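Undergrad: Pasting run_38.pdb here (PDB, C-alpha atoms):
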ATOM      1  CA  MET A   1      99.303 101.445  91.964  1.00  0.00           C
ATOM      2  CA  TYR A   2     102.376  99.521  90.849  1.00  0.00           C
ATOM      3  CA  TYR A   3     103.908  97.857  87.837  1.00  0.00           C
ATOM      4  CA  PHE A   4     106.841  95.624  86.995  1.00  0.00           C
ATOM      5  CA  THR A   5     109.933  96.823  85.212  1.00  0.00           C
ATOM      6  CA  TYR A   6     113.474  95.635  84.568  1.00  0.00           C
ATOM      7  CA  ASP A   7     116.843  97.156  85.410  1.00  0.00           C
ATOM      8  CA  PRO A   8     119.953  95.657  83.749  1.00  0.00           C
ATOM      9  CA  TRP A   9     121.965  95.872  86.997  1.00  0.00           C
ATOM     10  CA  ILE A  10     119.217  94.747  89.351  1.00  0.00           C
ATOM     11  CA  GLY A  11     116.888  92.564  87.322  1.00  0.00           C
ATOM     12  CA  LYS A  12     113.116  92.510  87.666  1.00  0.00           C
ATOM     13  CA  LEU A  13     111.667  95.020  90.100  1.00  0.00           C
ATOM     14  CA  LEU A  14     108.323  96.200  91.331  1.00  0.00           C
ATOM     15  CA  TYR A  15     107.895  99.936  90.821  1.00  0.00           C
ATOM     16  CA  LEU A  16     105.497 101.499  93.295  1.00  0.00           C
ATOM     17  CA  GLU A  17     103.903 104.395  91.439  1.00  0.00           C
ATOM     18  CA  ASP A  18     101.450 105.627  94.026  1.00  0.00           C
ATOM     19  CA  PHE A  19     100.729 104.811  97.649  1.00  0.00           C
ATOM     20  CA  TYR A  20      98.572 106.993  99.864  1.00  0.00           C
ATOM     21  CA  VAL A  21      96.672 106.539 103.116  1.00  0.00           C
ATOM     22  CA  MET A  22      94.211 109.313 103.904  1.00  0.00           C
ATOM     23  CA  LYS A  23      95.196 111.339 106.946  1.00  0.00           C
ATOM     24  CA  GLU A  24      92.257 110.254 109.093  1.00  0.00           C
ATOM     25  CA  TYR A  25      93.228 106.579 108.621  1.00  0.00           C
ATOM     26  CA  ARG A  26      96.938 106.901 109.376  1.00  0.00           C
ATOM     27  CA  GLY A  27      98.301 105.249 112.501  1.00  0.00           C
ATOM     28  CA  PHE A  28      96.095 102.168 112.229  1.00  0.00           C
ATOM     29  CA  GLY A  29      98.649  99.990 110.419  1.00  0.00           C
ATOM     30  CA  ILE A  30      96.953 100.308 107.028  1.00  0.00           C
ATOM     31  CA  GLY A  31     100.095 101.577 105.282  1.00  0.00           C
ATOM     32  CA  SER A  32     102.184  98.834 106.850  1.00  0.00           C
ATOM     33  CA  GLU A  33      99.709  96.204 105.699  1.00  0.00           C
ATOM     34  CA  ILE A  34      99.637  97.579 102.152  1.00  0.00           C
ATOM     35  CA  LEU A  35     103.441  97.614 102.036  1.00  0.00           C
ATOM     36  CA  LYS A  36     103.476  94.040 103.350  1.00  0.00           C
ATOM     37  CA  LYS A  37     101.128  92.913 100.551  1.00  0.00           C
ATOM     38  CA  LEU A  38     103.249  94.730  97.966  1.00  0.00           C
ATOM     39  CA  SER A  39     106.370  93.044  99.371  1.00  0.00           C
ATOM     40  CA  GLN A  40     104.675  89.651  99.143  1.00  0.00           C
ATOM     41  CA  THR A  41     103.733  90.395  95.524  1.00  0.00           C
ATOM     42  CA  ALA A  42     107.319  91.392  94.708  1.00  0.00           C
ATOM     43  CA  VAL A  43     108.753  88.220  96.258  1.00  0.00           C
ATOM     44  CA  ARG A  44     106.107  85.962  94.709  1.00  0.00           C
ATOM     45  CA  THR A  45     106.800  87.386  91.231  1.00  0.00           C
ATOM     46  CA  ARG A  46     110.589  87.055  91.644  1.00  0.00           C
ATOM     47  CA  CYS A  47     111.437  90.744  91.883  1.00  0.00           C
ATOM     48  CA  ASN A  48     114.843  91.667  93.255  1.00  0.00           C
ATOM     49  CA  SER A  49     113.662  94.943  94.764  1.00  0.00           C
ATOM     50  CA  MET A  50     110.900  97.530  94.997  1.00  0.00           C
ATOM     51  CA  HIS A  51     111.555 101.093  93.827  1.00  0.00           C
ATOM     52  CA  PHE A  52     109.561 104.272  94.386  1.00  0.00           C
ATOM     53  CA  ILE A  53     109.952 108.022  94.620  1.00  0.00           C
ATOM     54  CA  VAL A  54     109.200 110.149  97.672  1.00  0.00           C
ATOM     55  CA  ALA A  55     109.177 113.946  97.624  1.00  0.00           C
ATOM     56  CA  GLU A  56     112.028 115.459  99.645  1.00  0.00           C
ATOM     57  CA  TRP A  57     109.605 117.510 101.731  1.00  0.00           C
ATOM     58  CA  ASN A  58     107.596 114.407 102.737  1.00  0.00           C
ATOM     59  CA  LYS A  59     109.580 113.514 105.852  1.00  0.00           C
ATOM     60  CA  PRO A  60     106.825 111.347 107.421  1.00  0.00           C
ATOM     61  CA  SER A  61     106.811 109.085 104.346  1.00  0.00           C
ATOM     62  CA  ILE A  62     110.605 109.014 104.149  1.00  0.00           C
ATOM     63  CA  ASP A  63     110.738 107.952 107.811  1.00  0.00           C
ATOM     64  CA  PHE A  64     107.974 105.360 107.231  1.00  0.00           C
ATOM     65  CA  TYR A  65     109.940 103.691 104.438  1.00  0.00           C
ATOM     66  CA  LYS A  66     113.314 103.942 106.185  1.00  0.00           C
ATOM     67  CA  ARG A  67     111.884 102.214 109.281  1.00  0.00           C
ATOM     68  CA  ARG A  68     111.053  99.314 106.981  1.00  0.00           C
ATOM     69  CA  GLY A  69     114.541  99.077 105.490  1.00  0.00           C
ATOM     70  CA  ALA A  70     114.285 101.364 102.451  1.00  0.00           C
ATOM     71  CA  SER A  71     117.507 102.923 101.174  1.00  0.00           C
ATOM     72  CA  ASP A  72     117.611 106.488  99.884  1.00  0.00           C
ATOM     73  CA  LEU A  73     119.400 105.960  96.559  1.00  0.00           C
ATOM     74  CA  SER A  74     119.744 109.690  95.944  1.00  0.00           C
ATOM     75  CA  LEU A  75     122.027 109.881  98.972  1.00  0.00           C
ATOM     76  CA  GLU A  76     123.598 106.418  99.049  1.00  0.00           C
ATOM     77  CA  GLU A  77     124.206 105.817  95.338  1.00  0.00           C
ATOM     78  CA  GLY A  78     123.919 109.294  93.861  1.00  0.00           C
ATOM     79  CA  TRP A  79     120.968 108.571  91.557  1.00  0.00           C
ATOM     80  CA  ARG A  80     118.949 111.580  90.402  1.00  0.00           C
ATOM     81  CA  LEU A  81     115.516 111.692  88.835  1.00  0.00           C
ATOM     82  CA  PHE A  82     115.287 113.387  85.440  1.00  0.00           C
ATOM     83  CA  LYS A  83     112.518 114.000  82.967  1.00  0.00           C
ATOM     84  CA  ILE A  84     112.307 115.111  79.365  1.00  0.00           C
ATOM     85  CA  ASP A  85     109.011 116.916  78.810  1.00  0.00           C
ATOM     86  CA  LYS A  86     106.866 116.539  75.718  1.00  0.00           C
ATOM     87  CA  GLN A  87     108.114 119.772  74.126  1.00  0.00           C
ATOM     88  CA  ASN A  88     111.710 118.535  74.251  1.00  0.00           C
ATOM     89  CA  LEU A  89     110.728 115.048  73.131  1.00  0.00           C
ATOM     90  CA  LEU A  90     109.116 116.572  70.061  1.00  0.00           C
ATOM     91  CA  LYS A  91     112.161 118.752  69.501  1.00  0.00           C
ATOM     92  CA  MET A  92     114.466 115.719  69.524  1.00  0.00           C
ATOM     93  CA  THR A  93     112.262 113.821  67.068  1.00  0.00           C
ATOM     94  CA  ASP A  94     112.796 116.632  64.565  1.00  0.00           C
ATOM     95  CA  GLU A  95     116.604 116.637  64.898  1.00  0.00           C
ATOM     96  CA  GLU A  96     118.633 115.007  62.197  1.00  0.00           C
TER      97      GLU A  96
END
Please render this file's structure as C-alpha cells.
TA:
Amino acid sequence: MYYFTYDPWIGKLLYLEDFYVMKEYRGFGIGSEILKKLSQTAVRTRCNSMHFIVAEWNKPSIDFYKRRGASDLSLEEGWRLFKIDKQNLLKMTDEE
C-alpha cells in the first residue's frame, strides 16, 4: 500500500505505507520484486524519493532496505516521527 505526497525540500515522493511478505514466502525474491515495482512506479511518476517507516526492532527489514540503498534518516538527518492523537487534536480545536 502506497500513496504520493509532497515535501517542500524534496518534491514529490512515494510514501510506502505497508509492505509485508509472509514468513513462509520470504527468501524467494518476492520482496525484492515488489520493491522493484514500487521503484519503477516512483520513477515513472516523477518522484524524487520513496519514504517509509520501519520499526527499530525489525532488524531484518532494516537490513533488507539498507542493502538496497535506503538511508536511515533518523540517524543520518536526525528526523523523528511524531504523532498528535485524536484527544489532543480535539483539545487544540477548542483553544482560542
Undergrad: What is the distance, in Å and to one decimal place, between atom CA of A:Gln40 and atom CA of A:Lys23?
TA: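 A separation of 24.9 Å between them.
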Undergrad: Please enumerate the residues selected by the PyMOL selection byres ((chain A and resi 31) around 12) when evaluated against the supplied file, formatted as a list of chain:residue names.
TA: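 For this structure, the PyMOL selection byres ((chain A and resi 31) around 12) resolves to A:Phe19, A:Tyr20, A:Val21, A:Met22, A:Lys23, A:Tyr25, A:Arg26, A:Gly27, A:Phe28, A:Gly29, A:Ile30, A:Ser32, A:Glu33, A:Ile34, A:Leu35, A:Lys36, A:Lys37, A:Leu38, A:Ser61, A:Phe64, A:Tyr65, A:Arg68.
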Undergrad: Next, write the just-selected residues to a file, as a compact mmCIF listing (two decimals), in the coordinates of the input, keeping C-alpha atoms as the atom set.
TA:
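Once everything was written out, this is part_18.txt:
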# COMPACT_ATOMS: atom_id res chain seq x y z
CA PHE A 19 100.73 104.81 97.65
CA TYR A 20 98.57 106.99 99.86
CA VAL A 21 96.67 106.54 103.12
CA MET A 22 94.21 109.31 103.90
CA LYS A 23 95.20 111.34 106.95
CA TYR A 25 93.23 106.58 108.62
CA ARG A 26 96.94 106.90 109.38
CA GLY A 27 98.30 105.25 112.50
CA PHE A 28 96.10 102.17 112.23
CA GLY A 29 98.65 99.99 110.42
CA ILE A 30 96.95 100.31 107.03
CA SER A 32 102.18 98.83 106.85
CA GLU A 33 99.71 96.20 105.70
CA ILE A 34 99.64 97.58 102.15
CA LEU A 35 103.44 97.61 102.04
CA LYS A 36 103.48 94.04 103.35
CA LYS A 37 101.13 92.91 100.55
CA LEU A 38 103.25 94.73 97.97
CA SER A 61 106.81 109.08 104.35
CA PHE A 64 107.97 105.36 107.23
CA TYR A 65 109.94 103.69 104.44
CA ARG A 68 111.05 99.31 106.98
Undergrad: Can you measure atom CA of A:Ile53 to atom CA of A:Lys91 for me? One decimal in Å is fine.
TA: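 About the pair atom CA of A:Ile53 and atom CA of A:Lys91: they are 27.4 Å apart.
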Undergrad: Please compute the atom CA of A:Asp63-atom CA of A:Lys83 distance, one decimal, in Å.
TA: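 Between atom CA of A:Asp63 and atom CA of A:Lys83 the gap is 25.6 Å.
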Undergrad: Considering only C-alpha atoms, return as a list in words whatever protein or nucleic-acid residues lie within 7 Å of A:Leu13, sequence-local ones (same chain, fewer than 5 positions apart) excluded.
TA: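 Within the cut-off, the hits are Phe4, Thr5, Tyr6, Cys47, Asn48, Ser49 and Met50 of chain A.
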Undergrad: Could you check which of A:Leu90, A:Met1, A:Ile10, A:Leu81 is closest to A:Glu56, using all atoms listed in the file?
TA: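 Closest to A:Glu56 of all the choices is A:Leu81.
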